[in-house]
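Structure below is run-v6.pdb: PDB, C-alpha atoms.
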```pdb
ATOM      1  CA  MET R   1      80.853  56.762  88.264
ATOM      2  CA  THR R   2      80.800  59.051  85.287
ATOM      3  CA  ALA R   3      78.260  61.385  86.847
ATOM      4  CA  THR R   4      80.235  61.444  90.097
ATOM      5  CA  SER R   5      83.463  62.255  88.264
ATOM      6  CA  SER R   6      81.779  65.030  86.310
ATOM      7  CA  THR R   7      80.372  66.494  89.496
ATOM      8  CA  SER R   8      83.696  66.397  91.338
ATOM      9  CA  ALA R   9      85.408  68.101  88.404
ATOM     10  CA  GLY R  10      83.018  71.028  88.479
ATOM     11  CA  ARG R  11      83.996  74.464  89.760
ATOM     12  CA  VAL R  12      81.926  77.282  91.200
ATOM     13  CA  TYR R  13      83.272  80.801  90.781
ATOM     14  CA  ASP R  14      82.065  83.792  92.731
ATOM     15  CA  ARG R  15      81.925  86.509  90.074
ATOM     16  CA  GLY R  16      80.270  89.852  90.266
ATOM     17  CA  TYR R  17      80.447  93.503  89.295
ATOM     18  CA  ARG R  18      81.622  96.412  91.345
ATOM     19  CA  ARG R  19      81.742 100.128  90.713
ATOM     20  CA  TYR R  20      84.866 101.511  88.999
ATOM     21  CA  ASP R  21      86.599 104.002  91.286
ATOM     22  CA  GLY R  22      89.633 104.810  89.111
ATOM     23  CA  PRO R  23      90.307 107.948  87.065
ATOM     24  CA  ARG R  24      87.896 108.779  84.248
ATOM     25  CA  GLY R  25      89.557 110.235  81.188
ATOM     26  CA  GLY R  26      86.431 111.329  79.381
ATOM     27  CA  ARG R  27      85.982 112.231  75.746
ATOM     28  CA  TRP R  28      89.420 113.688  75.015
ATOM     29  CA  ALA R  29      91.176 110.755  76.628
ATOM     30  CA  ALA R  30      89.290 108.500  74.223
ATOM     31  CA  VAL R  31      90.330 110.698  71.275
ATOM     32  CA  ARG R  32      93.943 110.602  72.468
ATOM     33  CA  ALA R  33      93.862 106.820  72.844
ATOM     34  CA  LEU R  34      92.413 106.400  69.337
ATOM     35  CA  PHE R  35      95.019 108.811  67.917
ATOM     36  CA  LEU R  36      97.964 107.067  69.593
ATOM     37  CA  GLY R  37      96.654 103.643  68.605
ATOM     38  CA  SER R  38      96.366 104.792  64.992
ATOM     39  CA  VAL R  39      99.912 106.207  65.014
ATOM     40  CA  ARG R  40     101.253 102.939  66.396
ATOM     41  CA  ARG R  41      99.403 100.974  63.732
ATOM     42  CA  ALA R  42     100.668 103.277  60.972
ATOM     43  CA  LEU R  43     104.264 102.790  62.126
ATOM     44  CA  GLY R  44     103.853  99.047  62.612
ATOM     45  CA  LEU R  45     104.559  99.260  66.341
ATOM     46  CA  ARG R  46     103.366  96.286  68.400
ATOM     47  CA  ARG R  47     102.751  94.440  65.147
ATOM     48  CA  SER R  48     104.683  91.767  63.282
ATOM     49  CA  TRP R  49     107.972  92.672  61.632
ATOM     50  CA  LYS R  50     106.309  92.505  58.222
ATOM     51  CA  GLN R  51     104.116  95.465  59.178
ATOM     52  CA  LYS R  52     107.199  97.478  60.171
ATOM     53  CA  VAL R  53     109.083  97.077  56.892
ATOM     54  CA  LEU R  54     107.073  99.402  54.653
ATOM     55  CA  PRO R  55     106.836 102.557  56.846
ATOM     56  CA  TRP R  56     110.490 102.512  57.867
ATOM     57  CA  LEU R  57     111.642 101.636  54.369
ATOM     58  CA  LEU R  58     109.705 104.599  52.986
ATOM     59  CA  LEU R  59     111.243 106.860  55.639
ATOM     60  CA  ALA R  60     114.685 105.675  54.562
ATOM     61  CA  VAL R  61     113.832 106.359  50.913
ATOM     62  CA  ALA R  62     112.588 109.860  51.784
ATOM     63  CA  ALA R  63     115.727 110.629  53.810
ATOM     64  CA  ALA R  64     118.204 109.133  51.329
ATOM     65  CA  PRO R  65     118.567 112.255  49.108
ATOM     66  CA  ALA R  66     119.336 114.409  52.157
ATOM     67  CA  ALA R  67     121.933 111.944  53.420
ATOM     68  CA  VAL R  68     123.563 111.750  49.977
ATOM     69  CA  PHE R  69     123.559 115.536  49.599
ATOM     70  CA  VAL R  70     125.162 116.038  53.016
ATOM     71  CA  GLY R  71     127.746 113.352  52.229
ATOM     72  CA  VAL R  72     128.627 114.998  48.921
ATOM     73  CA  GLY R  73     128.851 118.356  50.678
ATOM     74  CA  TYR R  74     131.285 116.913  53.186
ATOM     75  CA  VAL R  75     133.478 115.332  50.507
ATOM     76  CA  THR R  76     133.549 118.464  48.331
ATOM     77  CA  ARG R  77     134.084 120.991  51.124
ATOM     78  CA  ASP R  78     137.012 123.345  50.536
ATOM     79  CA  THR R  79     136.787 122.642  46.781
ATOM     80  CA  PRO R  80     135.210 124.649  43.915
ATOM     81  CA  ALA R  81     132.357 122.121  43.843
ATOM     82  CA  ALA R  82     131.348 123.121  47.376
ATOM     83  CA  GLU R  83     129.068 125.870  46.036
ATOM     84  CA  PHE R  84     127.110 123.488  43.810
ATOM     85  CA  GLU R  85     123.582 122.863  45.108
ATOM     86  CA  PHE R  86     122.034 119.549  44.127
ATOM     87  CA  ILE R  87     118.647 120.206  45.706
ATOM     88  CA  THR R  88     116.996 123.092  47.531
ATOM     89  CA  TYR R  89     114.731 122.952  50.558
ATOM     90  CA  ARG R  90     111.852 124.010  48.326
ATOM     91  CA  ASP R  91     112.518 121.181  45.882
ATOM     92  CA  TYR R  92     112.794 118.652  48.697
ATOM     93  CA  VAL R  93     109.153 119.171  49.701
ATOM     94  CA  GLY R  94     107.387 116.479  47.713
ATOM     95  CA  VAL R  95     110.508 115.371  45.844
ATOM     96  CA  SER R  96     109.911 111.728  46.718
ATOM     97  CA  THR R  97     106.873 109.588  45.994
ATOM     98  CA  ALA R  98     107.493 107.814  49.298
ATOM     99  CA  LEU R  99     104.937 109.982  51.118
ATOM    100  CA  LEU R 100     102.297 109.276  48.467
ATOM    101  CA  LEU R 101     102.849 105.541  48.748
ATOM    102  CA  PHE R 102     102.814 105.744  52.527
ATOM    103  CA  VAL R 103      99.444 107.513  52.596
ATOM    104  CA  ALA R 104      98.019 105.153  49.965
ATOM    105  CA  VAL R 105      98.894 102.210  52.209
ATOM    106  CA  THR R 106      98.384 103.691  55.671
ATOM    107  CA  ALA R 107      95.107 105.612  55.374
ATOM    108  CA  PRO R 108      93.116 102.585  54.098
ATOM    109  CA  ASP R 109      94.776 100.399  56.750
ATOM    110  CA  LEU R 110      93.520 102.731  59.496
ATOM    111  CA  ILE R 111      90.010 103.223  58.105
ATOM    112  CA  CYS R 112      88.827 100.290  56.003
ATOM    113  CA  PRO R 113      89.162  97.330  58.435
ATOM    114  CA  GLU R 114      86.952  99.054  61.006
ATOM    115  CA  ARG R 115      84.224  99.548  58.410
ATOM    116  CA  ARG R 116      84.534  96.069  56.920
ATOM    117  CA  GLN R 117      84.620  94.322  60.311
ATOM    118  CA  ARG R 118      81.729  96.484  61.576
ATOM    119  CA  VAL R 119      83.448  97.612  64.763
ATOM    120  CA  LEU R 120      82.395 101.250  64.460
ATOM    121  CA  PRO R 121      79.414 100.745  66.817
ATOM    122  CA  LEU R 122      81.876  99.473  69.422
ATOM    123  CA  ILE R 123      84.153 102.488  68.909
ATOM    124  CA  PHE R 124      81.243 104.908  69.177
ATOM    125  CA  SER R 125      80.034 103.222  72.356
ATOM    126  CA  ARG R 126      82.788 105.290  73.981
ATOM    127  CA  PRO R 127      82.276 109.025  74.533
ATOM    128  CA  LEU R 128      83.330 109.721  70.954
ATOM    129  CA  THR R 129      81.579 111.667  68.209
ATOM    130  CA  GLY R 130      82.066 111.415  64.467
ATOM    131  CA  ARG R 131      84.175 114.591  64.564
ATOM    132  CA  ASP R 132      86.388 113.043  67.241
ATOM    133  CA  TYR R 133      86.913 109.941  65.128
ATOM    134  CA  VAL R 134      87.836 112.012  62.063
ATOM    135  CA  LEU R 135      90.181 114.159  64.138
ATOM    136  CA  ALA R 136      91.974 111.130  65.584
ATOM    137  CA  LYS R 137      92.315 109.190  62.313
ATOM    138  CA  ALA R 138      93.210 112.070  59.995
ATOM    139  CA  GLY R 139      95.398 113.544  62.734
ATOM    140  CA  ALA R 140      97.338 110.297  63.040
ATOM    141  CA  VAL R 141      98.018 110.158  59.285
ATOM    142  CA  PHE R 142      98.981 113.850  59.309
ATOM    143  CA  ALA R 143     101.365 113.411  62.252
ATOM    144  CA  VAL R 144     103.233 110.495  60.687
ATOM    145  CA  VAL R 145     103.384 112.054  57.200
ATOM    146  CA  PHE R 146     104.590 115.341  58.686
ATOM    147  CA  ALA R 147     107.297 113.536  60.645
ATOM    148  CA  PHE R 148     108.400 111.562  57.579
ATOM    149  CA  GLY R 149     108.454 114.734  55.479
ATOM    150  CA  PHE R 150     110.137 117.006  58.006
ATOM    151  CA  LEU R 151     112.848 114.684  59.327
ATOM    152  CA  PRO R 152     114.710 114.630  55.966
ATOM    153  CA  GLN R 153     114.466 118.432  55.854
ATOM    154  CA  ALA R 154     115.929 118.646  59.359
ATOM    155  CA  LEU R 155     118.676 116.205  58.390
ATOM    156  CA  LEU R 156     119.495 118.274  55.327
ATOM    157  CA  PHE R 157     119.586 121.550  57.277
ATOM    158  CA  VAL R 158     121.685 120.260  60.179
ATOM    159  CA  GLY R 159     124.039 118.414  57.824
ATOM    160  CA  GLN R 160     124.499 121.469  55.617
ATOM    161  CA  MET R 161     125.143 123.605  58.661
ATOM    162  CA  LEU R 162     127.779 121.202  59.993
ATOM    163  CA  VAL R 163     129.666 120.813  56.711
ATOM    164  CA  SER R 164     129.684 124.548  55.996
ATOM    165  CA  ASP R 165     132.711 126.682  56.845
ATOM    166  CA  ALA R 166     130.828 128.566  59.555
ATOM    167  CA  ALA R 167     127.806 126.856  61.098
ATOM    168  CA  LEU R 168     126.421 129.986  62.732
ATOM    169  CA  THR R 169     126.772 131.958  59.512
ATOM    170  CA  TYR R 170     124.873 129.271  57.609
ATOM    171  CA  LEU R 171     122.175 129.275  60.294
ATOM    172  CA  ARG R 172     121.814 133.040  60.126
ATOM    173  CA  GLU R 173     121.724 133.188  56.330
ATOM    174  CA  ASN R 174     119.132 130.393  56.072
ATOM    175  CA  ALA R 175     117.043 131.187  59.148
ATOM    176  CA  GLU R 176     113.877 131.547  57.054
ATOM    177  CA  VAL R 177     114.055 127.836  56.239
ATOM    178  CA  LEU R 178     113.288 127.109  59.901
ATOM    179  CA  TRP R 179     109.669 128.190  59.335
ATOM    180  CA  GLN R 180     109.328 127.698  55.592
ATOM    181  CA  ALA R 181     110.190 123.983  55.598
ATOM    182  CA  PRO R 182     107.857 122.869  58.431
ATOM    183  CA  LEU R 183     105.000 125.023  57.123
ATOM    184  CA  SER R 184     105.346 123.622  53.587
ATOM    185  CA  VAL R 185     105.567 120.048  54.867
ATOM    186  CA  ALA R 186     102.492 120.662  57.043
ATOM    187  CA  VAL R 187     100.568 121.920  53.995
ATOM    188  CA  LEU R 188     101.506 118.768  52.074
ATOM    189  CA  ALA R 189     100.830 116.437  55.024
ATOM    190  CA  ALA R 190      97.392 117.934  55.714
ATOM    191  CA  PHE R 191      96.421 117.601  52.058
ATOM    192  CA  LEU R 192      97.528 113.974  51.798
ATOM    193  CA  ALA R 193      96.046 112.996  55.164
ATOM    194  CA  LEU R 194      92.612 114.460  54.432
ATOM    195  CA  LEU R 195      92.467 113.157  50.870
ATOM    196  CA  GLY R 196      93.682 109.685  51.863
ATOM    197  CA  THR R 197      91.284 109.267  54.783
ATOM    198  CA  ALA R 198      88.348 110.689  52.804
ATOM    199  CA  ILE R 199      88.825 108.206  49.972
ATOM    200  CA  ALA R 200      89.396 105.357  52.440
ATOM    201  CA  SER R 201      86.144 106.222  54.222
ATOM    202  CA  LEU R 202      84.236 105.426  51.014
ATOM    203  CA  ALA R 203      85.621 101.893  50.704
ATOM    204  CA  THR R 204      85.677  98.748  52.805
ATOM    205  CA  ARG R 205      88.649  97.112  51.071
ATOM    206  CA  ARG R 206      92.137  98.473  51.577
ATOM    207  CA  MET R 207      93.298  97.584  48.080
ATOM    208  CA  VAL R 208      90.338  99.383  46.531
ATOM    209  CA  ALA R 209      90.988 102.544  48.546
ATOM    210  CA  ALA R 210      94.723 102.500  47.789
ATOM    211  CA  ALA R 211      94.108 101.969  44.072
ATOM    212  CA  ALA R 212      91.529 104.773  44.024
ATOM    213  CA  LEU R 213      93.933 107.230  45.663
ATOM    214  CA  LEU R 214      96.864 106.378  43.416
ATOM    215  CA  GLY R 215      94.554 106.334  40.395
ATOM    216  CA  LEU R 216      93.345 109.837  41.252
ATOM    217  CA  PHE R 217      96.915 111.118  41.332
ATOM    218  CA  LEU R 218      97.842 109.341  38.107
ATOM    219  CA  VAL R 219      94.752 110.298  36.111
ATOM    220  CA  SER R 220      94.695 113.927  37.244
ATOM    221  CA  SER R 221      98.403 114.403  36.473
ATOM    222  CA  SER R 222      97.996 112.795  33.038
ATOM    223  CA  VAL R 223      94.955 114.881  32.130
ATOM    224  CA  SER R 224      96.668 118.041  33.373
ATOM    225  CA  GLY R 225      99.798 117.255  31.371
ATOM    226  CA  VAL R 226      97.794 116.737  28.178
ATOM    227  CA  LEU R 227      95.852 119.977  28.639
ATOM    228  CA  VAL R 228      98.936 122.033  29.426
ATOM    229  CA  ALA R 229     100.876 120.517  26.515
ATOM    230  CA  GLY R 230      97.940 121.261  24.227
ATOM    231  CA  GLY R 231      98.267 124.924  25.094
ATOM    232  CA  ASP R 232      94.660 125.301  26.226
ATOM    233  CA  SER R 233      95.599 127.172  29.397
ATOM    234  CA  SER R 234      98.298 127.080  32.041
ATOM    235  CA  ALA R 235      95.454 127.053  34.573
ATOM    236  CA  ALA R 236      94.922 123.413  33.542
ATOM    237  CA  ALA R 237      97.882 122.647  35.822
ATOM    238  CA  LEU R 238      95.409 122.969  38.700
ATOM    239  CA  VAL R 239      93.714 119.775  37.493
ATOM    240  CA  ASN R 240      96.741 117.869  38.777
ATOM    241  CA  VAL R 241      95.620 117.137  42.322
ATOM    242  CA  ILE R 242      99.040 116.380  43.772
ATOM    243  CA  SER R 243     100.457 119.661  42.444
ATOM    244  CA  LEU R 244      98.114 121.797  44.569
ATOM    245  CA  PRO R 245     100.106 121.582  47.842
ATOM    246  CA  LEU R 246     103.311 122.130  45.824
ATOM    247  CA  PHE R 247     101.928 125.381  44.429
ATOM    248  CA  VAL R 248     101.176 126.490  47.984
ATOM    249  CA  ARG R 249     104.723 125.423  48.885
ATOM    250  CA  ASP R 250     106.020 127.870  46.274
ATOM    251  CA  LEU R 251     104.037 130.665  47.877
ATOM    252  CA  VAL R 252     105.657 129.847  51.213
ATOM    253  CA  PHE R 253     109.237 129.690  49.892
ATOM    254  CA  LEU R 254     109.120 132.208  47.029
ATOM    255  CA  GLY R 255     106.088 134.369  47.644
ATOM    256  CA  HIS R 256     104.808 133.453  44.161
ATOM    257  CA  ILE R 257     104.283 130.399  41.973
ATOM    258  CA  GLY R 258     107.632 129.120  40.695
ATOM    259  CA  ASP R 259     108.481 129.933  37.084
ATOM    260  CA  ASP R 260     109.595 126.320  36.628
ATOM    261  CA  THR R 261     106.014 125.090  37.138
ATOM    262  CA  PRO R 262     103.206 124.991  34.532
ATOM    263  CA  LEU R 263     101.272 127.570  36.563
ATOM    264  CA  GLY R 264     104.170 130.013  36.671
ATOM    265  CA  GLY R 265     103.487 133.327  34.984
ATOM    266  CA  LEU R 266      99.696 133.048  35.194
ATOM    267  CA  ASN R 267      98.103 136.173  36.623
ATOM    268  CA  GLY R 268      96.384 135.298  39.887
ATOM    269  CA  GLY R 269      97.885 131.806  39.822
ATOM    270  CA  GLY R 270      98.701 131.920  43.540
ATOM    271  CA  ALA R 271      95.139 132.823  44.503
ATOM    272  CA  LEU R 272      93.759 130.099  42.243
ATOM    273  CA  ALA R 273      96.124 127.535  43.764
ATOM    274  CA  ILE R 274      95.073 128.445  47.304
ATOM    275  CA  ALA R 275      91.383 128.366  46.333
ATOM    276  CA  CYS R 276      91.714 124.911  44.756
ATOM    277  CA  TYR R 277      93.727 123.621  47.718
ATOM    278  CA  LEU R 278      91.078 124.815  50.173
ATOM    279  CA  ALA R 279      88.281 123.461  47.968
ATOM    280  CA  VAL R 280      89.788 119.949  47.879
ATOM    281  CA  THR R 281      90.628 119.831  51.584
ATOM    282  CA  GLY R 282      87.234 121.297  52.484
ATOM    283  CA  ALA R 283      85.468 118.670  50.369
ATOM    284  CA  CYS R 284      87.481 115.929  52.090
ATOM    285  CA  VAL R 285      86.525 117.244  55.540
ATOM    286  CA  ALA R 286      82.855 117.375  54.486
ATOM    287  CA  VAL R 287      82.962 113.780  53.210
ATOM    288  CA  LEU R 288      84.559 112.545  56.438
ATOM    289  CA  LEU R 289      82.122 114.377  58.700
ATOM    290  CA  VAL R 290      79.103 113.138  56.747
ATOM    291  CA  ARG R 291      80.357 109.542  56.646
ATOM    292  CA  TYR R 292      81.063 109.338  60.349
ATOM    293  CA  ARG R 293      78.101 111.358  61.494
ATOM    294  CA  TRP R 294      76.051 108.592  59.899
ATOM    295  CA  ALA R 295      78.202 105.909  61.556
ATOM    296  CA  GLU R 296      77.810 107.651  64.905
ATOM    297  CA  ARG R 297      74.082 107.019  64.783
TER     298      ARG R 297
END
```
Have the structure of the file written as structure tokens, please.
Amino acid sequence: MTATSSTSAGRVYDRGYRRYDGPRGGRWAAVRALFLGSVRRALGLRRSWKQKVLPWLLLAVAAAPAAVFVGVGYVTRDTPAAEFEFITYRDYVGVSTALLLFVAVTAPDLICPERRQRVLPLIFSRPLTGRDYVLAKAGAVFAVVFAFGFLPQALLFVGQMLVSDAALTYLRENAEVLWQAPLSVAVLAAFLALLGTAIASLATRRMVAAAALLGLFLVSSSVSGVLVAGGDSSAAALVNVISLPLFVRDLVFLGHIGDDTPLGGLNGGGALAIACYLAVTGACVAVLLVRYRWAER
């Protein structure tokens, strides 16, 4: 009876394989899919609500100064305090540590689990190369950081224009900001994205990668501060890794290194800042390409 019951409960399925006749996206479709998937993961989309809290909270923190400044401008319009400027567009680039924290959390989250869970062979079974992987991952971090850095700038500009006495006059007098702000934010976003993904590519644990990135910023800024305070040389300001994109920002907004920075007044300081910026970003690209050329094999 038992054997009969087991036999009657069995099922036979007719399964087989057939040729796929649908559209074939190819290599760049795979890169695009990996990029979009990484952006969604960075923003917490299609994930639990806990994964959405940090990115959107950091965006709110980054945008808060702009919202406050616009609100104060609206309240003080048509008063003597209307001419007072709390923060400039130049100062707003990198004014918040929210972007640093975001990269320290996001870059390891996009890179480390795939190394630790050994899914890279599966990813590279698609028509992807190591360069494609680096482009998609670093590009995703860059896109989100750029958006988080530029949206507050856009809010500040539009708000200032609306609360001014003449919106078109404000637009005409500050037209250069329309290219200076996005270019400066792009410089900062590219630096953070490449540095964050490069460090994350050397670790398998997210906490280790995040601590290494934040530790690099903290140690380099401390060492730079000690050297500059000791009067050894103002060029020691270049040791501070996070200051490098801000020096380039000054070149975009002012045409020279700001006098309110430790590097201000140094002959050739702008050229040195650009050289150090390119050296760090170039080293990060080299690390990423080497790491994922090996993984591609």
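For the point (87.3, 97.4, 51.9), the residues with at least one atom inside 7 Å, counting only C-alpha atoms, are Cys112, Pro113, Arg116, Ala203, Thr204, Arg205, Arg206 and Val208 of chain R.
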Exercise. Can you list what the PyMOL selection byres ((chain R and resi 42-58) around 10) grabs from this structure, as an NGL selection string?
Worked result: :R and (36-41 or 59-64 or 96-103 or 105-107 or 109-110 or 140-141 or 144-145 or 148)
Exercise. Region 283-294 of chain R: which residues within 9 Å, counting only C-alpha atoms, same-chain residues fewer than 5 positions away excluded, as a VMD selection string?
Worked result: chain R and resid 129 to 131 133 to 134 194 to 199 201 to 202 278
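You can rank R:Ile242, R:Leu192, R:Gly25, R:Gly255 by their closest distance to Leu216 (chain R) using all atoms listed in the file, and at the top of that list sits R:Ile242.
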Give the centre and edge lengths of an axis-aligned box, in Å to one decimal, that holds all listed atoms of region 150-161 of chain R with 6 Å on each side, as lines of an AutoDock Vina configuration file.
```
center_x = 117.6
center_y = 119.1
center_z = 57.8
size_x = 27.0
size_y = 21.0
size_z = 16.9
```
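CA of Ala189 (chain R) to CA of Ala138 (chain R) spans 10.1 Å [interatomic distance, one decimal].
For Gln180 (chain R), the set of protein, DNA and RNA residues having any atom at most 10 Å away, when counting all atoms listed in the file and skipping those fewer than 3 positions along the same chain, is Tyr89, Arg90, Ala175, Glu176, Val177, Leu183, Ser184, Val185, Ala186, Arg249, Asp250, Leu251, Val252, Phe253 and Leu254 of chain R.
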For this session: Report the distance between CA of Leu128 (chain R) and CA of Phe191 (chain R) in Å, rounded to one decimal place.
Result: 24.3 Å
Problem set entry | Selection result of the PyMOL selection byres ((chain R and resi 158) around 12) on this file, as a VMD selection string | chain R and resid 66 to 67 69 to 70 151 to 157 159 to 164 167 to 168 170 to 171 174 to 175 177 to 178
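If you measure from each of R:Ala193, R:Ile123, R:Val75, R:Ala104 to Lys137 (chain R) using only C-alpha atoms, the closest one turns out to be R:Ala193.
Of note, CA of Val241 (chain R) and CA of Thr261 (chain R) are spaced 14.1 Å apart.
Using all atoms listed in the file, the nearest neighbour of Trp28 (chain R) within the list R:Leu135, R:Val226, R:Leu188, R:Val248 is R:Leu135.
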Exercise. Written as a PyMOL selection string, which residues does the PyMOL selection byres ((chain R and resi 270) around 12) give for the file shown?
Worked result: chain R and resi 235+238+244-252+254-259+261+263-269+271-277
For this session: Find the residue from R:Gly73, R:Pro108, R:Gly16, R:Gly225 that sits nearest to Ala212 (chain R); use all atoms listed in the file when measuring.
Result: R:Pro108
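Residue nearest Thr281 (chain R), chosen from R:Ala200, R:Val187, R:Val93, R:Val239 and counting only C-alpha atoms: R:Val187.
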